[in-house]
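Chemist: Take a look at structure22.cif, mmCIF, C-alpha atoms:
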```cif
data_structure
#
loop_
_atom_site.label_atom_id
_atom_site.label_comp_id
_atom_site.auth_asym_id
_atom_site.auth_seq_id
_atom_site.Cartn_x
_atom_site.Cartn_y
_atom_site.Cartn_z
CA MET V 1 -31.40 53.21 43.00
CA PRO V 2 -28.48 52.64 40.66
CA ALA V 3 -29.39 50.32 37.86
CA SER V 4 -27.41 47.35 36.80
CA GLY V 5 -25.15 48.71 34.12
CA GLN V 6 -24.93 52.17 35.74
CA GLN V 7 -21.31 53.18 35.42
CA SER V 8 -19.34 54.30 38.44
CA ALA V 9 -16.92 57.16 38.17
CA THR V 10 -13.27 56.31 37.53
CA GLN V 11 -11.51 58.55 39.96
CA ASP V 12 -8.77 59.19 42.45
CA PRO V 13 -9.75 59.93 46.07
CA SER V 14 -10.07 63.66 45.31
CA CYS V 15 -12.82 63.15 42.70
CA GLU V 16 -15.74 63.88 45.02
CA ARG V 17 -14.07 66.97 46.49
CA VAL V 18 -13.08 68.33 43.06
CA THR V 19 -16.56 67.76 41.61
CA GLU V 20 -18.38 69.34 44.55
CA ALA V 21 -16.10 72.38 44.34
CA ALA V 22 -16.68 72.70 40.59
CA LEU V 23 -20.49 72.45 40.58
CA PRO V 24 -21.22 76.06 41.69
CA LYS V 25 -18.87 77.35 38.98
CA ILE V 26 -20.57 75.14 36.36
CA VAL V 27 -23.98 76.52 37.36
CA GLU V 28 -22.65 80.07 37.05
CA LEU V 29 -21.15 79.42 33.61
CA LEU V 30 -24.28 77.61 32.40
CA ASN V 31 -26.37 80.63 33.28
CA LYS V 32 -23.98 82.77 31.25
CA ASN V 33 -23.66 80.25 28.39
CA ASP V 34 -19.89 80.66 28.82
CA PHE V 35 -18.84 77.27 27.51
CA ALA V 36 -15.33 78.39 26.62
CA ALA V 37 -14.60 79.03 30.29
CA MET V 38 -16.49 75.89 31.27
CA GLU V 39 -14.11 73.69 29.28
CA GLN V 40 -11.34 74.39 31.78
CA VAL V 41 -13.64 73.41 34.67
CA LEU V 42 -14.63 70.19 32.90
CA GLN V 43 -10.98 69.32 32.28
CA THR V 44 -10.25 69.85 35.97
CA ILE V 45 -13.01 67.39 36.90
CA GLU V 46 -11.82 64.85 34.34
CA SER V 47 -8.23 65.06 35.57
CA SER V 48 -9.43 63.56 38.86
CA CYS V 49 -12.51 61.60 37.81
CA GLY V 50 -12.03 60.76 34.17
CA PRO V 51 -14.59 61.58 31.47
CA ASN V 52 -18.15 60.87 32.57
CA GLU V 53 -21.76 61.33 31.49
CA VAL V 54 -22.12 64.77 33.10
CA THR V 55 -19.00 66.32 31.56
CA GLN V 56 -19.81 64.90 28.12
CA ARG V 57 -23.42 66.09 28.32
CA LEU V 58 -22.29 69.63 29.18
CA ARG V 59 -19.85 69.65 26.24
CA ILE V 60 -22.57 68.55 23.82
CA ILE V 61 -24.97 71.23 25.11
CA GLY V 62 -22.19 73.79 24.59
CA LEU V 63 -21.55 72.61 21.04
CA LEU V 64 -25.27 72.73 20.22
CA ILE V 65 -25.74 76.24 21.60
CA ARG V 66 -22.63 77.54 19.82
CA LYS V 67 -23.69 75.78 16.58
CA GLN V 68 -20.47 73.83 16.37
CA PRO V 69 -20.08 70.28 14.93
CA THR V 70 -21.58 67.77 17.33
CA LYS V 71 -21.63 64.47 15.45
CA PRO V 72 -18.38 62.96 16.88
CA ALA V 73 -19.28 63.99 20.45
CA ILE V 74 -22.85 62.66 20.24
CA GLN V 75 -21.77 59.40 18.59
CA SER V 76 -19.13 58.85 21.27
CA TYR V 77 -21.68 59.64 24.00
CA ILE V 78 -24.13 57.06 22.64
CA GLN V 79 -21.51 54.40 21.86
CA GLN V 80 -20.28 54.56 25.45
CA GLY V 81 -23.83 54.02 26.73
CA LYS V 82 -24.02 57.45 28.32
CA ASP V 83 -27.53 57.90 26.94
CA ASN V 84 -28.68 54.83 28.88
CA GLU V 85 -26.94 56.18 31.95
CA LEU V 86 -28.77 59.50 31.64
CA MET V 87 -32.14 57.79 31.20
CA ILE V 88 -31.53 55.92 34.44
CA ARG V 89 -30.50 59.18 36.10
CA TRP V 90 -33.74 60.90 35.00
CA ASP V 91 -35.82 57.94 36.21
CA ASN V 92 -34.12 57.80 39.60
CA ALA V 93 -34.44 61.57 39.99
CA SER V 94 -38.21 61.20 39.59
CA GLU V 95 -38.44 58.87 42.62
CA ASN V 96 -39.68 60.28 45.92
CA ASN V 97 -36.64 58.86 47.70
CA TYR V 98 -34.18 60.25 45.15
CA GLN V 99 -31.90 61.59 47.90
CA ASN V 100 -31.54 58.14 49.46
CA ILE V 101 -30.93 56.63 46.03
CA TYR V 102 -28.12 59.13 45.40
CA ASN V 103 -26.55 58.77 48.85
CA LYS V 104 -26.35 54.98 48.53
CA ASP V 105 -23.94 55.25 45.59
CA LYS V 106 -22.74 58.78 44.91
CA ALA V 107 -19.96 57.60 42.62
CA ALA V 108 -22.51 56.05 40.24
CA TYR V 109 -23.85 59.58 39.68
CA HIS V 110 -20.35 61.09 39.43
CA PHE V 111 -20.93 63.04 42.67
CA VAL V 112 -23.55 65.25 41.03
CA PRO V 113 -26.70 64.93 43.19
CA LEU V 114 -29.96 63.93 41.54
CA ARG V 115 -32.18 66.95 40.72
CA HIS V 116 -29.12 69.21 40.86
CA THR V 117 -29.31 72.64 39.25
CA VAL V 118 -26.88 71.45 36.57
CA ASP V 119 -29.52 68.93 35.47
CA SER V 120 -32.40 71.40 35.49
CA LEU V 121 -30.39 73.97 33.52
CA THR V 122 -29.38 71.45 30.85
CA GLN V 123 -33.02 70.36 30.60
CA VAL V 124 -34.18 73.94 30.09
CA LYS V 125 -31.48 74.72 27.54
CA ALA V 126 -32.12 71.50 25.59
CA ALA V 127 -35.86 72.21 25.48
CA ALA V 128 -35.16 75.75 24.28
CA LEU V 129 -32.98 74.41 21.46
CA ILE V 130 -35.80 72.18 20.25
CA GLY V 131 -38.34 74.99 20.25
CA SER V 132 -36.12 77.73 18.84
CA ASP V 133 -36.35 78.96 15.24
CA LEU V 134 -32.73 80.10 15.51
CA TYR V 135 -31.42 76.55 15.41
CA SER V 136 -31.66 74.01 12.63
CA LEU V 137 -30.85 70.74 14.38
CA THR V 138 -29.98 67.51 12.63
CA GLU V 139 -32.04 64.43 13.46
CA MET V 140 -29.36 63.17 15.84
CA GLU V 141 -28.99 66.58 17.49
CA GLU V 142 -32.73 66.91 17.96
CA ALA V 143 -32.93 63.38 19.40
CA ILE V 144 -30.16 64.05 21.93
CA ALA V 145 -31.80 67.36 22.85
CA TYR V 146 -35.01 65.47 23.65
CA LEU V 147 -33.00 63.14 25.88
CA PHE V 148 -31.26 66.04 27.63
CA SER V 149 -34.65 67.69 28.24
CA ASP V 150 -35.96 64.46 29.87
CA HIS V 151 -38.25 63.48 27.00
CA ILE V 152 -37.04 59.89 27.05
CA SER V 153 -39.84 58.33 25.04
CA THR V 154 -39.32 60.75 22.15
CA TYR V 155 -35.59 60.06 22.19
CA LEU V 156 -36.19 56.30 22.11
CA ILE V 157 -38.56 56.63 19.16
CA ARG V 158 -36.16 58.86 17.24
CA MET V 159 -33.20 56.54 17.90
CA GLN V 160 -35.25 53.32 17.64
CA LYS V 161 -33.91 52.13 20.97
CA GLU V 162 -35.31 50.32 24.00
CA LYS V 163 -35.29 51.91 27.42
CA PRO V 164 -32.79 50.42 29.91
CA THR V 165 -34.26 48.79 33.00
CA THR V 166 -33.53 50.65 36.22
CA ARG V 167 -32.78 48.83 39.47
CA THR V 168 -36.06 50.19 40.82
CA GLU V 169 -37.94 48.60 37.93
CA GLN V 170 -36.02 45.36 38.39
CA LEU V 171 -36.97 45.25 42.07
CA GLN V 172 -40.59 46.01 41.20
CA GLU V 173 -40.50 43.04 38.83
CA VAL V 174 -39.06 40.83 41.58
CA GLU V 175 -41.82 41.96 43.96
CA LEU V 176 -44.37 40.99 41.33
CA TYR V 177 -42.91 37.49 41.09
CA LYS V 178 -42.92 37.19 44.89
CA MET V 179 -46.70 37.54 44.91
CA GLY V 180 -47.37 34.09 43.47
CA TRP V 181 -47.54 30.71 45.17
CA GLY V 182 -44.54 28.49 44.53
CA PHE V 183 -43.24 24.96 44.54
CA ALA V 184 -39.84 23.96 45.95
CA ALA V 185 -37.62 20.89 45.88
CA SER V 186 -34.95 20.36 48.54
CA ILE V 187 -32.04 18.11 49.42
CA GLY V 188 -29.94 18.05 52.54
CA LEU V 189 -28.51 16.30 55.59
CA TYR V 190 -30.44 15.16 58.67
CA ARG V 191 -28.35 14.16 61.68
CA PRO V 192 -28.83 13.36 65.38
CA LEU V 193 -27.64 15.70 68.12
CA ASN V 194 -25.63 14.48 71.11
CA ALA V 195 -26.62 10.85 70.51
CA VAL V 196 -24.43 7.85 71.35
CA ASN V 197 -24.77 4.93 68.93
CA PRO V 198 -28.02 6.35 67.47
CA VAL V 199 -30.51 4.27 65.51
CA TYR V 200 -30.63 6.94 62.80
CA ASN V 201 -27.19 8.15 61.74
CA ASP V 202 -26.49 10.99 59.31
CA LEU V 203 -29.14 10.65 56.63
CA ALA V 204 -29.91 12.37 53.35
CA ILE V 205 -33.24 14.19 53.38
CA TYR V 206 -35.31 15.02 50.31
CA GLY V 207 -38.40 17.17 50.19
CA PHE V 208 -41.11 18.89 48.20
CA SER V 209 -43.10 21.85 49.44
CA PHE V 210 -45.83 24.26 48.40
CA ILE V 211 -45.05 27.85 49.49
CA SER V 212 -47.31 30.87 50.00
CA PRO V 213 -46.40 34.26 48.39
CA LEU V 214 -43.02 35.60 49.48
CA ALA V 215 -44.31 39.16 49.18
CA ASN V 216 -46.14 38.75 52.51
CA ASP V 217 -44.48 39.17 55.91
CA TRP V 218 -45.83 35.79 57.00
CA VAL V 219 -44.92 32.87 54.76
CA PHE V 220 -46.51 29.42 55.04
CA ASP V 221 -45.68 26.12 53.43
CA GLY V 222 -46.92 22.56 53.33
CA PHE V 223 -44.32 19.88 52.78
CA PHE V 224 -43.56 16.21 52.28
CA LYS V 225 -40.08 14.97 53.18
CA TYR V 226 -38.46 11.59 53.36
CA ARG V 227 -35.19 10.16 54.64
CA PRO V 228 -33.85 6.87 53.22
CA ALA V 229 -32.48 5.11 56.32
CA ARG V 230 -29.21 3.82 54.89
CA ASN V 231 -26.52 3.03 57.47
CA SER V 232 -29.08 3.05 60.28
CA ARG V 233 -28.97 0.24 62.81
CA VAL V 234 -31.71 -2.25 63.58
CA PHE V 235 -33.86 -1.76 66.67
CA GLU V 236 -36.35 -3.69 68.74
CA TYR V 237 -40.05 -3.06 68.44
CA GLN V 238 -43.14 -4.90 69.68
CA THR V 239 -44.70 -5.50 66.29
CA GLU V 240 -47.42 -7.79 67.64
CA PRO V 241 -49.33 -5.92 70.39
CA ASN V 242 -50.17 -9.10 72.32
CA SER V 243 -46.77 -10.74 71.98
CA ASN V 244 -44.09 -10.73 74.65
CA GLN V 245 -41.44 -11.45 72.05
CA PRO V 246 -39.76 -8.27 70.71
CA ASP V 247 -39.30 -7.97 66.99
CA LEU V 248 -36.06 -6.88 65.38
CA VAL V 249 -36.73 -4.35 62.61
CA GLU V 250 -34.53 -2.77 59.96
CA PRO V 251 -35.16 0.94 59.16
CA LEU V 252 -35.88 1.64 55.50
CA THR V 253 -37.37 5.13 55.18
CA THR V 254 -38.89 7.82 57.37
CA TYR V 255 -41.64 10.08 56.02
CA MET V 256 -42.82 13.48 57.22
CA PHE V 257 -46.02 15.31 56.24
CA GLY V 258 -46.59 18.75 57.71
CA GLY V 259 -46.38 22.49 57.44
CA SER V 260 -44.59 25.53 58.79
CA ALA V 261 -45.18 29.20 59.43
CA GLY V 262 -42.43 31.74 58.99
CA TYR V 263 -41.87 35.45 59.50
CA LYS V 264 -39.83 37.32 56.90
CA PHE V 265 -37.47 39.36 59.07
CA LEU V 266 -35.23 40.48 56.19
CA ASP V 267 -36.33 41.51 52.71
CA ALA V 268 -33.59 43.11 50.63
CA GLY V 269 -35.47 42.79 47.36
CA LYS V 270 -33.73 39.83 45.83
CA PHE V 271 -32.51 38.37 49.12
CA LEU V 272 -34.81 37.12 51.88
CA MET V 273 -34.42 35.60 55.34
CA ILE V 274 -37.29 33.87 57.14
CA GLY V 275 -37.51 32.55 60.68
CA LYS V 276 -39.84 29.58 60.81
CA ALA V 277 -41.45 26.94 63.00
CA GLY V 278 -43.10 23.75 61.82
CA LEU V 279 -45.12 20.74 62.86
CA ALA V 280 -45.22 17.42 61.02
CA TYR V 281 -46.50 13.87 61.35
CA GLU V 282 -43.59 11.43 61.16
CA MET V 283 -43.81 7.75 60.25
CA SER V 284 -41.05 5.16 60.00
CA TYR V 285 -41.23 2.43 57.38
CA ASN V 286 -39.25 -0.65 58.45
CA ARG V 287 -38.78 -4.31 57.58
CA SER V 288 -39.21 -7.01 60.20
CA LEU V 289 -36.25 -9.37 60.44
CA ASN V 290 -38.11 -11.95 62.52
CA MET V 291 -41.54 -12.09 60.94
CA ARG V 292 -42.67 -13.26 57.51
CA TYR V 293 -45.97 -13.97 55.86
CA GLY V 294 -46.95 -17.53 55.03
CA ASP V 295 -45.73 -17.12 51.47
CA GLY V 296 -42.31 -16.07 52.68
CA TYR V 297 -42.59 -12.36 52.00
CA PRO V 298 -41.27 -10.10 54.77
CA VAL V 299 -43.53 -8.12 57.06
CA TYR V 300 -43.18 -4.34 56.83
CA VAL V 301 -43.86 -2.18 59.88
CA THR V 302 -45.02 1.45 59.64
CA ARG V 303 -43.95 2.29 63.17
CA PRO V 304 -42.86 3.99 65.34
CA GLN V 305 -44.99 7.04 64.59
CA THR V 306 -44.54 10.41 66.24
CA PHE V 307 -44.67 14.15 65.60
CA ASN V 308 -41.82 16.40 64.52
CA LEU V 309 -41.47 19.93 65.90
CA SER V 310 -38.99 22.14 64.07
CA THR V 311 -37.62 25.66 64.25
CA GLY V 312 -34.99 27.35 62.13
CA VAL V 313 -33.98 29.96 59.59
CA SER V 314 -34.07 29.92 55.80
CA ALA V 315 -32.37 32.31 53.39
CA MET V 316 -33.01 32.62 49.68
CA GLN V 317 -31.74 34.58 46.69
CA HIS V 318 -33.75 35.51 43.61
CA VAL V 319 -32.17 34.09 40.45
CA GLY V 320 -34.78 34.83 37.78
CA ARG V 321 -38.51 35.36 37.37
CA THR V 322 -40.24 33.18 40.01
CA SER V 323 -37.09 31.20 40.83
CA PHE V 324 -35.15 31.38 44.10
CA VAL V 325 -32.28 29.29 45.45
CA GLY V 326 -31.88 28.99 49.17
CA ALA V 327 -30.61 27.18 52.22
CA GLN V 328 -32.09 26.48 55.61
CA ILE V 329 -30.98 25.08 58.94
CA GLN V 330 -33.49 23.65 61.42
CA TYR V 331 -33.61 21.96 64.80
CA HIS V 332 -36.05 19.03 65.06
CA TYR V 333 -37.63 17.38 68.08
CA SER V 334 -39.16 13.94 67.45
CA PRO V 335 -40.24 12.16 70.68
CA TYR V 336 -40.21 8.54 69.51
CA SER V 337 -40.69 7.50 73.13
CA ILE V 338 -44.41 8.35 72.92
CA ASP V 339 -44.82 5.05 71.05
CA SER V 340 -45.23 2.60 73.95
CA ARG V 341 -44.31 -0.39 71.78
CA LEU V 342 -40.83 0.93 71.01
CA ILE V 343 -38.23 -1.02 72.98
CA THR V 344 -34.91 0.37 71.74
CA PRO V 345 -34.52 4.07 72.65
CA ILE V 346 -34.31 6.38 69.63
CA ALA V 347 -32.81 9.86 69.90
CA SER V 348 -35.29 12.75 69.86
CA ASP V 349 -33.04 15.68 68.88
CA TYR V 350 -31.88 16.32 65.32
CA VAL V 351 -30.59 19.10 63.09
CA SER V 352 -31.04 19.45 59.34
CA PHE V 353 -29.18 21.42 56.67
CA GLU V 354 -31.01 21.77 53.36
CA LEU V 355 -30.56 23.42 49.99
CA PHE V 356 -33.67 24.16 47.96
CA PHE V 357 -34.80 25.53 44.64
CA LYS V 358 -38.13 27.37 44.45
CA PHE V 359 -39.96 27.56 41.13
#
```
In structure tokens, how does this file's structure come out?
Modeler:
Amino acid sequence: MPASGQQSATQDPSCERVTEAALPKIVELLNKNDFAAMEQVLQTIESSCGPNEVTQRLRIIGLLIRKQPTKPAIQSYIQQGKDNELMIRWDNASENNYQNIYNKDKAAYHFVPLRHTVDSLTQVKAAALIGSDLYSLTEMEEAIAYLFSDHISTYLIRMQKEKPTTRTEQLQEVELYKMGWGFAASIGLYRPLNAVNPVYNDLAIYGFSFISPLANDWVFDGFFKYRPARNSRVFEYQTEPNSNQPDLVEPLTTYMFGGSAGYKFLDAGKFLMIGKAGLAYEMSYNRSLNMRYGDGYPVYVTRPQTFNLSTGVSAMQHVGRTSFVGAQIQYHYSPYSIDSRLITPIASDYVSFELFFKF
């Protein structure tokens, strides 16, 4: 696949057509070592596409074979990063799916297919230059000949350079980071659905979760979430089981402890989408407005208690090493009515929108 930093051809709409038409002629002239005639073909390509790695590589090969000065051409080639571009081309050509890699972004390869005869001929000619007693190459010329013959490691040693990272290698690195367990922190909005004068209004929700490896198709997580109950209204609850007098309680916080299972239905390397379903234990923490202890301190009530069923979708984007940023939307069903001591009805249907950061 094209690497980050791979340069796309600068061209008018005829670039692909002109290049494809010129390739058979280039192959013919390469076989004949007729670089004088080839210059006209290269100029025709560049008139539509602009100078690119392929045309500059062919010129340098021609200069080397004809024993003409090469220093300005090689220096320009390297300064423009064409050597990095060629290393990426050689690496991508070695992949089993090289045809798919090329077809996904033909312009990045200047409309010269990977493993094309032009490449194999330049490799053969560059290797012959290195091994021939008829040529006395300078250090720079010999280094570039090693690169043209697909001896990347030798070129890097001679030029004291580091190899550019291909997109394939970057994705392999991302896959490696996906294999570890992770920790995530989240923040979002939790709101009731189709509720009139609900006890719990729109609330902020905060959470922490422990997530299984994202490299697997099935992803699991355990979580703790809480919702400070600001702006919620008071409700009636039978705090004392044997009392006929209802208690008025003020919501403070709601806690959830649970887990979810998700299926990764989209994995585009750095971008993931997971459909998930979860189950949690939910507990409300409230303050009684009618009851106090003998010393005057208020009574706190950890009810009602219920379960929370959820289903939704999360999406996340890789941002570096083990880190992902993401968002998720979920529907929640919390049947508060299963608590027989609850007097004021509390809505059961909710939706949440959350942003999260995975470490």
Chemist: Please list as a PyMOL selection string every residue within 8 Å of V:Ser352, counting only C-alpha atoms and excluding residues in the same chain fewer than 2 positions away.
Modeler: chain V and resi 188-191+329-332+350+354
Chemist: Could you list, as JSON, numbers by chain, every residue within 12 Å of V:His318, counting only C-alpha atoms and ignoring same-chain residues fewer than 4 positions away?
Modeler: {"V": [170, 171, 173, 174, 175, 177, 178, 214, 267, 268, 269, 270, 271, 272, 273, 322, 323, 324, 325, 326, 357, 358, 359]}
Chemist: Atom CA of V:Leu289 to atom CA of V:Phe235: how many Å, to one decimal?
Modeler: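 Between atom CA of V:Leu289 and atom CA of V:Phe235 the gap is 10.1 Å.
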Chemist: So, counting only C-alpha atoms, which residue among V:Ile346, V:Met256, V:Leu355, V:Ile26 is closest to V:Val196?
Modeler: V:Ile346
Chemist: Please identify all polymer residues within 6 Å of V:Gly262, counting all atoms listed in the file, omitting same-chain residues fewer than 5 positions from it, and present them as a ChimeraX atom specification.
Modeler: /V:218-219,274-276
Chemist: For V:Ala195, list every protein, DNA or RNA residue within 12 Å, evaluated using only C-alpha atoms, and leave out those in the same chain fewer than 4 positions away; present the list as a VMD selection string.
Modeler: chain V and resid 191 199 to 202 345 to 351
Chemist: Using only C-alpha atoms, can you tell me which of V:Ala22, V:Ser314, V:Lys71, V:Ser260 comes closest to V:Gln40?
Modeler: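 Ranked by minimum distance to V:Gln40, first place goes to V:Ala22.
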Chemist: Between V:Ala261, V:Tyr155, V:Val249, V:Ser337, which one has atoms that come closest to V:Val299, using all atoms listed in the file?
Modeler: V:Val249
Chemist: When you count only C-alpha atoms, which of these residues is closest to V:Pro113: V:Gln99, V:Ala126, V:Thr55, V:Arg158?
Modeler: V:Gln99
Chemist: What does the distance between atom CA of V:Glu250 and atom CA of V:Ser209 come to in Å, to one decimal place?
Modeler: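 Separating atom CA of V:Glu250 from atom CA of V:Ser209 is a distance of 28.1 Å.
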Chemist: Any idea what's packed within 9 Å of V:Leu309, counting only C-alpha atoms, ignoring anything in its chain fewer than 5 positions away? Could you give it as a list in words?
Modeler: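 Within the cut-off, the hits are Ala277, Gly278, Leu279, Ala280, Tyr331, His332, Tyr333 and Ser334 of chain V.
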Chemist: Please evaluate the PyMOL selection byres ((chain V and resi 240) around 12) against the displayed coordinates and give the resulting residues as a PyMOL selection string.
Modeler: chain V and resi 236-239+241-248+288+290-291+299+301+303+341-342
Chemist: Name every residue that the PyMOL selection byres ((chain V and resi 151) around 12) selects in this structure, writing the answer as a PyMOL selection string with chains first and numbers rising.
Modeler: chain V and resi 86-87+90-91+123-124+126-127+130+142-150+152-158+163
Chemist: Give me the box for stretch 140-143 of chain V as lines of an AutoDock Vina configuration file, namely the centre and edge lengths in Å to one decimal of a box along x, y and z that holds every listed atom plus 4 Å on each side.
Modeler:
```
center_x = -31.0
center_y = 65.0
center_z = 17.6
size_x = 11.9
size_y = 11.7
size_z = 11.6
```
Chemist: Determine the nearest neighbour of V:Glu85 from the options V:Thr70, V:Asn100, V:Asn52, V:Ser284, counting all atoms listed in the file.
Modeler: V:Asn52
Chemist: Taking the file as shown, find all residues satisfying the PyMOL selection byres ((chain V and resi 20) around 10) and write them as a list in words.
Modeler: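 Going through the file, the PyMOL selection byres ((chain V and resi 20) around 10) ends up selecting Cys15, Glu16, Arg17, Val18, Thr19, Ala21, Ala22, Leu23, Pro24, Lys25, Ile45, His110, Phe111, Val112 and Pro113 of chain V.
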Chemist: Generate the output file for the selected residues, C-alpha atoms, as a PDB file, keeping the file's coordinate frame.
Modeler:
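This went into result.pdb:
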```pdb
ATOM      1  CA  CYS V  15     -12.820  63.150  42.700  1.00  0.00           C
ATOM      2  CA  GLU V  16     -15.740  63.880  45.020  1.00  0.00           C
ATOM      3  CA  ARG V  17     -14.070  66.970  46.490  1.00  0.00           C
ATOM      4  CA  VAL V  18     -13.080  68.330  43.060  1.00  0.00           C
ATOM      5  CA  THR V  19     -16.560  67.760  41.610  1.00  0.00           C
ATOM      6  CA  ALA V  21     -16.100  72.380  44.340  1.00  0.00           C
ATOM      7  CA  ALA V  22     -16.680  72.700  40.590  1.00  0.00           C
ATOM      8  CA  LEU V  23     -20.490  72.450  40.580  1.00  0.00           C
ATOM      9  CA  PRO V  24     -21.220  76.060  41.690  1.00  0.00           C
ATOM     10  CA  LYS V  25     -18.870  77.350  38.980  1.00  0.00           C
ATOM     11  CA  ILE V  45     -13.010  67.390  36.900  1.00  0.00           C
ATOM     12  CA  HIS V 110     -20.350  61.090  39.430  1.00  0.00           C
ATOM     13  CA  PHE V 111     -20.930  63.040  42.670  1.00  0.00           C
ATOM     14  CA  VAL V 112     -23.550  65.250  41.030  1.00  0.00           C
ATOM     15  CA  PRO V 113     -26.700  64.930  43.190  1.00  0.00           C
TER      16      PRO V 113
END
```
Chemist: Counting all atoms listed in the file, which of V:Ala108, V:Ile61, V:Ser76, V:Ser48 gets nearest to V:Ile88?
Modeler: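 Nearest candidate to V:Ile88 out of V:Ala108, V:Ile61, V:Ser76, V:Ser48: V:Ala108.
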Chemist: When you draw a straight line from atom CA of V:Leu30 to atom CA of V:Met159, how long is it in Å?
Modeler: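 These atoms are spaced 27.1 Å apart.
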Chemist: Write stretch 176-192 of chain V as a tab-separated table (two decimals), in the coordinates of the input, completed to N, CA and C atoms.
Modeler:
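Result written to result-v5.tsv:
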```
chain	number	residue	atom	x	y	z
V	176	LEU	N	-43.23	41.57	42.03
V	176	LEU	CA	-44.37	40.99	41.33
V	176	LEU	C	-44.28	39.47	41.34
V	177	TYR	N	-43.08	38.95	41.10
V	177	TYR	CA	-42.91	37.49	41.09
V	177	TYR	C	-43.05	36.90	42.48
V	178	LYS	N	-42.78	37.69	43.52
V	178	LYS	CA	-42.92	37.19	44.89
V	178	LYS	C	-44.38	36.97	45.26
V	179	MET	N	-45.29	37.57	44.52
V	179	MET	CA	-46.70	37.54	44.91
V	179	MET	C	-47.38	36.21	44.60
V	180	GLY	N	-46.74	35.36	43.84
V	180	GLY	CA	-47.37	34.09	43.47
V	180	GLY	C	-46.99	32.95	44.41
V	181	TRP	N	-47.85	31.93	44.44
V	181	TRP	CA	-47.54	30.71	45.17
V	181	TRP	C	-46.44	29.97	44.42
V	182	GLY	N	-45.66	29.18	45.16
V	182	GLY	CA	-44.54	28.49	44.53
V	182	GLY	C	-44.38	27.06	44.99
V	183	PHE	N	-43.56	26.35	44.24
V	183	PHE	CA	-43.24	24.96	44.54
V	183	PHE	C	-41.73	24.85	44.71
V	184	ALA	N	-41.27	24.08	45.70
V	184	ALA	CA	-39.84	23.96	45.95
V	184	ALA	C	-39.44	22.50	46.11
V	185	ALA	N	-38.23	22.20	45.68
V	185	ALA	CA	-37.62	20.89	45.88
V	185	ALA	C	-36.35	21.09	46.70
V	186	SER	N	-36.09	20.18	47.64
V	186	SER	CA	-34.95	20.36	48.54
V	186	SER	C	-34.17	19.06	48.71
V	187	ILE	N	-32.91	19.23	49.11
V	187	ILE	CA	-32.04	18.11	49.42
V	187	ILE	C	-31.11	18.55	50.53
V	188	GLY	N	-30.79	17.65	51.45
V	188	GLY	CA	-29.94	18.05	52.54
V	188	GLY	C	-29.47	16.90	53.41
V	189	LEU	N	-29.04	17.25	54.61
V	189	LEU	CA	-28.51	16.30	55.59
V	189	LEU	C	-29.31	16.40	56.87
V	190	TYR	N	-29.66	15.24	57.42
V	190	TYR	CA	-30.44	15.16	58.67
V	190	TYR	C	-29.62	14.31	59.63
V	191	ARG	N	-29.25	14.90	60.79
V	191	ARG	CA	-28.35	14.16	61.68
V	191	ARG	C	-28.78	14.31	63.14
V	192	PRO	N	-28.47	13.30	63.96
V	192	PRO	CA	-28.83	13.36	65.38
V	192	PRO	C	-27.90	14.30	66.15
```
